[in-house]
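Trainee: Got a structure for you, questions after.
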Amino acid sequence: MANQTSNSGQTSNSGQTSNSGQTSKSGQTSKSGQTSKSGPTGKSGQTSKSGLLFSGSDWDFKRLSRAYEAIEAIAIEELHLDIYPVQMEIISSQQMLDAYSSVGMPLMYRHWSFGKHFLYQELLYRKGGRGLAYELVINSNPCIVYLMEENTMALQALVTAHAALGHNHFFKNNHLFRQWTDASAILSYLDFAKGYIARCEERHGVAAVEAILDAAHALMEQGVFRYRRPPKLSSERQREGVRDRLEYEERSYNDLWRTLPPSKGGGNVGEKDSNIAERKKTLKLPEENLLYFLEKNSLVLEPWQREIVRIVRVVAQYFYPQRQTQVMNEGCATFVHYTLMNMLFDRGLISEGAMLEILRNHSNVIFQPGFDDPRFSGINPYALGLDMMQDIQRISTEPTAEDRDWFPDIAGNGNWRETLLDAWANHRDESFIRQYLSPALMRKWRFFILADAASEPHYEVASIHNERGYEKIRAGLAQSYDIGASRPDIQVVDVDLLGDRQLRLEHKVKNGIMLEEASRDATLRHIRTLWGYEVSLAAIDAQTGATLNERSTSQIGE
């Protein structure tokens with residue numbers, strides 16, 4: 001299941017599942033014009049005399065509805081899942097490629113980057129370089145699930161359990177999605193965004209809109225709130241009032257700044273420090289969310305440009321939790337589909353042939369090549385996530401003495417369901433691995449740590465899966481999933497709006513990792529496009545506070 005967890009996870013024919021985040025009430029009309037209802041089944045919708053939910057590989061909407069109802073009932077009864085209403089859409093391969101181009105969302109504004117992504121994915125697909133996802137699921141309420149029309153009935157049952165129940169539960173209950181996203185508002189907001197940007201293109205021209213979108217897209221990684229709660233998405237009533245807000249800004253904002261007197265020179269050091277402190281307090285600096293600061297404080301952006309920056313910022317915030325929960329999200333969905341399919345088989349609701357097909361696809365999804373295998377491209381989040389979920393189940397029911405030492409709170413508690421539900425709700429990848437990765441699993445995966453010191457010509461095996469290495473391996477693996485450690489920490493630290501208006505940024509350098517120069521300069525140019533004045537970026541050592549270097553837009557050519 002190939003991972004787009006921002007869109008929440010997708011499954012490819014090569015056995016990878018991705019989620020794209022869209023939902024439908026288990027059985028409404030699909031975008032391809034096909035309809036299935038999950039209401040009471042008629043005679044043709046009842047189980048066969050043998051008790052099977054389906055037989056053969058062909059599917060129809062009655063079979064889909066019947067299978068979903070059976071899977072949902074077991075999921076709620078046995079696994080205690082809590083899900084959004086489900087809306088299923090049956091789509092073609094071309095429609096799946098279209099969904100890829102808009103990062104899995106059913107609605108999206110126009111931008112050339114989406115077309116570029118579409119052409120790239122289409123080329124890979126047409127040449128056989130990459131299969132398409134079996135499904136896409138959207139973090140919305142209702143939860144929209146896209147199913148490929150080419151799937152067999154057994155595969156439809158598998159991906160329904162994976163997406164419509166596994167991912168759906170995770171989206172609704174994980175604290176990151178509850179805090180940082182609004183599943184009930186995202187689709188209506190994207191509808192507003194698409195229409196608004198289209199109107200801007202008609203009024204101001206495609207080139208002008210594209211320039212703002214290019215700059216805002218370049219800053220999406222730095223356009224999210226990481227450490228404080230973001231503002232809620234606009235409601236319908238708030239969006240209806242956007243015209244009044246924009247008209248007010250047009251009447252007052254630019255004139256206000258133009259009439260401000262320049263700051264006077266002189267004054268003692270104490271007064272200057274006091275002024276700087278007061279200025280930072282007024283502007284709420286430092287600010288981690290660059291797009292938010294530019295949207296609220298840029299002196300050159302027109303009201304319609306501010307709204308476009310805000311749209312990009314809201315989309316970036318929507319996908320932020322998915323980057324932090326790839327292992328957990330896919331692990332939850334894979335554990336759910338594997339457990340539910342086995343329960344269906346144990347109850348005689350699916351045949352041996354269907355179960356073999358399901359297990360074959362499941363095995364493809366969780367395949368993990370060894371580190372020395374030419375196919376190795378990193379840790380498969382589906383495989384690691386599933387193994388950790390099953391390991392928690394084992395520790396809760398059949399713990400060893402080692403498990404009791406490492407996990408005294410959950411070892412032998414007998415309640416693996418509640419333990420998993422609690423973990424899914426309250427952790428992200430980094431904290432989940434740091435909390436629940438067991439020595440038994442480290443030995444199974446044969447984990448080790450490679451040290452790559454700049455002063456040494458070769459890699460060094462620093463730790464292996466033994467008593468001395470367990471803690472280091474667990475901490476190192478958890479750190480690799482901490483996006484706060486892997487993403488550059490760039491913040492707005494100062495700007496004198498009454499003086500030279502130079503925007504001053506700081507990059508906190510950790511472990512000596514500097515920004516790539518070409519990318520840094522291109523990003524500074526994009527910030528200057530939105531700010532309108534000089535922009536400088538200082539690299540500051542996170543431990544010592546020493547300034548390592550400084551770069552400004554005056555040093556960069558156009």
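Residues in the structure tokens are named by chain (A, B, ... in the order shown) and by number from 1 within that chain; ligands are numbered from 1 in the order shown.
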Would you tabulate, counting only C-alpha atoms, all residues of stretch 447-495 of chain A that have an atom at most 12 Å from an atom of stretch 519-542 of chain A, showing the closest pair of atoms and their distance in Å to one decimal, sorted by chain then ascending number, as a tab-separated table?
Mentor:
residue	atom	partner	partner_atom	distance
A:Ala485	CA	A:Ala542	CA	11.8
A:Pro488	CA	A:Ala539	CA	10.6
A:Asp489	CA	A:Ala542	CA	9.8
A:Ile490	CA	A:Leu537	CA	8.6
A:Gln491	CA	A:Leu537	CA	9.3
A:Val492	CA	A:Leu537	CA	9.1
A:Val493	CA	A:Leu537	CA	9.9
A:Asp494	CA	A:Ser536	CA	10.3
A:Val495	CA	A:Val535	CA	9.5
Trainee: Would you return as a ChimeraX atom specification the members of stretch 375-512 of chain A that DSSP assigns to alpha helix (DSSP H) on this structure's backbone?
Mentor: /A:381-397,401-406,416-426,429-436,439-445,470-480,483-486
Trainee: If you run DSSP on the backbone here, which positions in stretch 430-479 of chain A get strand (DSSP E or B)? Please write them as number ranges by chain.
Mentor: A: 448-451, 460-464
Trainee: Output N, CA and C atoms for every residue in that selection, as a JSON list (two decimals), in the first residue's frame.
Mentor:
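Wrote it out as out-v3.json, contents follow:
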[["chain", "number", "residue", "atom", "x", "y", "z"],
["A", 448, "PHE", "N", 20.16, -2.56, 13.03],
["A", 448, "PHE", "CA", 21.48, -2.10, 13.46],
["A", 448, "PHE", "C", 21.62, -0.63, 13.06],
["A", 449, "ILE", "N", 22.58, 0.04, 13.66],
["A", 449, "ILE", "CA", 22.80, 1.46, 13.40],
["A", 449, "ILE", "C", 24.14, 1.63, 12.70],
["A", 450, "LEU", "N", 24.14, 2.39, 11.61],
["A", 450, "LEU", "CA", 25.36, 2.75, 10.91],
["A", 450, "LEU", "C", 25.74, 4.18, 11.28],
["A", 451, "ALA", "N", 27.01, 4.37, 11.65],
["A", 451, "ALA", "CA", 27.52, 5.71, 11.94],
["A", 451, "ALA", "C", 28.29, 6.19, 10.72],
["A", 460, "GLU", "N", 30.50, 2.89, 9.97],
["A", 460, "GLU", "CA", 30.81, 2.06, 11.13],
["A", 460, "GLU", "C", 29.51, 1.53, 11.73],
["A", 461, "VAL", "N", 29.48, 0.22, 12.01],
["A", 461, "VAL", "CA", 28.32, -0.36, 12.68],
["A", 461, "VAL", "C", 28.42, 0.02, 14.15],
["A", 462, "ALA", "N", 27.57, 0.98, 14.56],
["A", 462, "ALA", "CA", 27.67, 1.53, 15.91],
["A", 462, "ALA", "C", 26.91, 0.72, 16.94],
["A", 463, "SER", "N", 25.78, 0.11, 16.55],
["A", 463, "SER", "CA", 24.97, -0.67, 17.49],
["A", 463, "SER", "C", 24.27, -1.80, 16.73],
["A", 464, "ILE", "N", 24.08, -2.92, 17.41],
["A", 464, "ILE", "CA", 23.33, -4.03, 16.84],
["A", 464, "ILE", "C", 22.22, -4.43, 17.82]]
Trainee: Using only C-alpha atoms, which of the listed residues (A:Arg443, A:His427, A:Arg468, A:Arg551) sits closest to A:Asn173?
Mentor: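 Closest residue, counting only C-alpha atoms: A:His427.
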Trainee: Enumerate, in order of chain and increasing residue number, the residues of stretch 115-158 of chain A with an atom no farther than 10 Å from stretch 329-344 of chain A, each with its shortest atom pair and distance in Å to one decimal, counting only C-alpha atoms, as a Markdown table.
Mentor:
| residue | atom | partner | partner_atom | distance |
| --- | --- | --- | --- | --- |
| A:Ala154 | CA | A:Met341 | CA | 9.8 |
| A:Ala157 | CA | A:Met341 | CA | 8.3 |
| A:Leu158 | CA | A:His337 | CA | 6.2 |
Trainee: Would you save the residues of that selection, restricted to C-alpha atoms, as a short mmCIF file (atom, residue, chain, number, x, y, z; two decimals), in the first residue's frame?
Mentor:
data_model
loop_
_atom_site.label_atom_id
_atom_site.label_comp_id
_atom_site.auth_asym_id
_atom_site.auth_seq_id
_atom_site.Cartn_x
_atom_site.Cartn_y
_atom_site.Cartn_z
CA ALA A 154 -11.84 -10.38 -2.73
CA ALA A 157 -13.23 -6.61 0.55
CA LEU A 158 -9.59 -6.31 1.59
#
Trainee: Where does stretch 95-214 of chain A meet stretch 365-379 of chain A within 12 Å, residue by residue, with the nearest atom pair and distance in Å to one decimal for each, counting only C-alpha atoms, listed by chain and rising number, as CSV?
Mentor:
residue,atom,partner,partner_atom,distance
A:Ala133,CA,A:Val365,CA,11.3
A:Tyr134,CA,A:Val365,CA,11.1
A:Leu158,CA,A:Val365,CA,11.6
A:Val159,CA,A:Val365,CA,11.4
A:His162,CA,A:Val365,CA,11.5
Trainee: Would you write out those residues with C-alpha atoms, as a PDB file, in the first residue's frame?
Mentor:
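In the end it all went to result-v7.pdb:
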ATOM      1  CA  ALA A 133      -3.338   2.269  -5.960  1.00  0.00           C
ATOM      2  CA  TYR A 134      -6.058  -0.237  -5.185  1.00  0.00           C
ATOM      3  CA  LEU A 158      -9.591  -6.310   1.592  1.00  0.00           C
ATOM      4  CA  VAL A 159      -9.172  -2.639   0.699  1.00  0.00           C
ATOM      5  CA  HIS A 162      -8.090  -1.381   5.117  1.00  0.00           C
TER       6      HIS A 162
END
Trainee: For each of A:Leu165, A:Ala216, A:Ile138, A:Met514, take the minimum atom-to-atom distance to A:Ser184, counting only C-alpha atoms, then give the residue where this is smallest.
Mentor: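 Checking each of A:Leu165, A:Ala216, A:Ile138, A:Met514 against A:Ser184, counting only C-alpha atoms, the winner is A:Ile138.
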Trainee: I need the residue nearest A:His167 from this list: A:Gln326, A:Thr181, A:Thr400, A:Ser92. Use only C-alpha atoms for the distance.
Mentor: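 Of all the options, A:Gln326 lies closest to A:His167.
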Trainee: Pick out the residues sitting within 10 Å of A:Leu79, and hand them over as a list in words; count only C-alpha atoms, and ignore anything fewer than 4 positions along from it in its own chain.
Mentor: Glu72, Ala73, Ile74, Ala75, Val336, Thr339, Leu340, Trp416, Arg417, Glu418, Leu420 and Leu421 of chain A
Trainee: With C-alpha atoms retained, could you export that selection as a PDB file, in the first residue's frame?
Mentor:
ATOM      1  CA  GLU A  72     -18.220  -3.076   9.613  1.00  0.00           C
ATOM      2  CA  ALA A  73     -20.270  -5.119  12.076  1.00  0.00           C
ATOM      3  CA  ILE A  74     -17.261  -7.238  13.066  1.00  0.00           C
ATOM      4  CA  ALA A  75     -14.967  -4.187  13.237  1.00  0.00           C
ATOM      5  CA  VAL A 336      -7.354  -4.020  10.905  1.00  0.00           C
ATOM      6  CA  THR A 339      -7.535  -9.210  11.546  1.00  0.00           C
ATOM      7  CA  LEU A 340     -10.959  -8.662   9.971  1.00  0.00           C
ATOM      8  CA  TRP A 416      -4.896  -5.816  23.645  1.00  0.00           C
ATOM      9  CA  ARG A 417      -7.833  -4.029  22.005  1.00  0.00           C
ATOM     10  CA  GLU A 418      -7.853  -1.154  24.484  1.00  0.00           C
ATOM     11  CA  LEU A 420      -4.050  -0.596  20.649  1.00  0.00           C
ATOM     12  CA  LEU A 421      -6.922   1.901  20.667  1.00  0.00           C
TER      13      LEU A 421
END
Trainee: Which residues of stretch 273-373 of chain A come within 12 Å of stretch 149-152 of chain A, and what is each one's closest atom pair and distance in Å (one decimal), counting only C-alpha atoms, sorted by chain and residue number, as a tab-separated table?
Mentor:
residue	atom	partner	partner_atom	distance
A:Ala354	CA	A:Thr152	CA	9.6
A:Glu357	CA	A:Thr152	CA	9.5
A:Ile358	CA	A:Thr152	CA	10.1
A:Asn361	CA	A:Thr152	CA	11.3
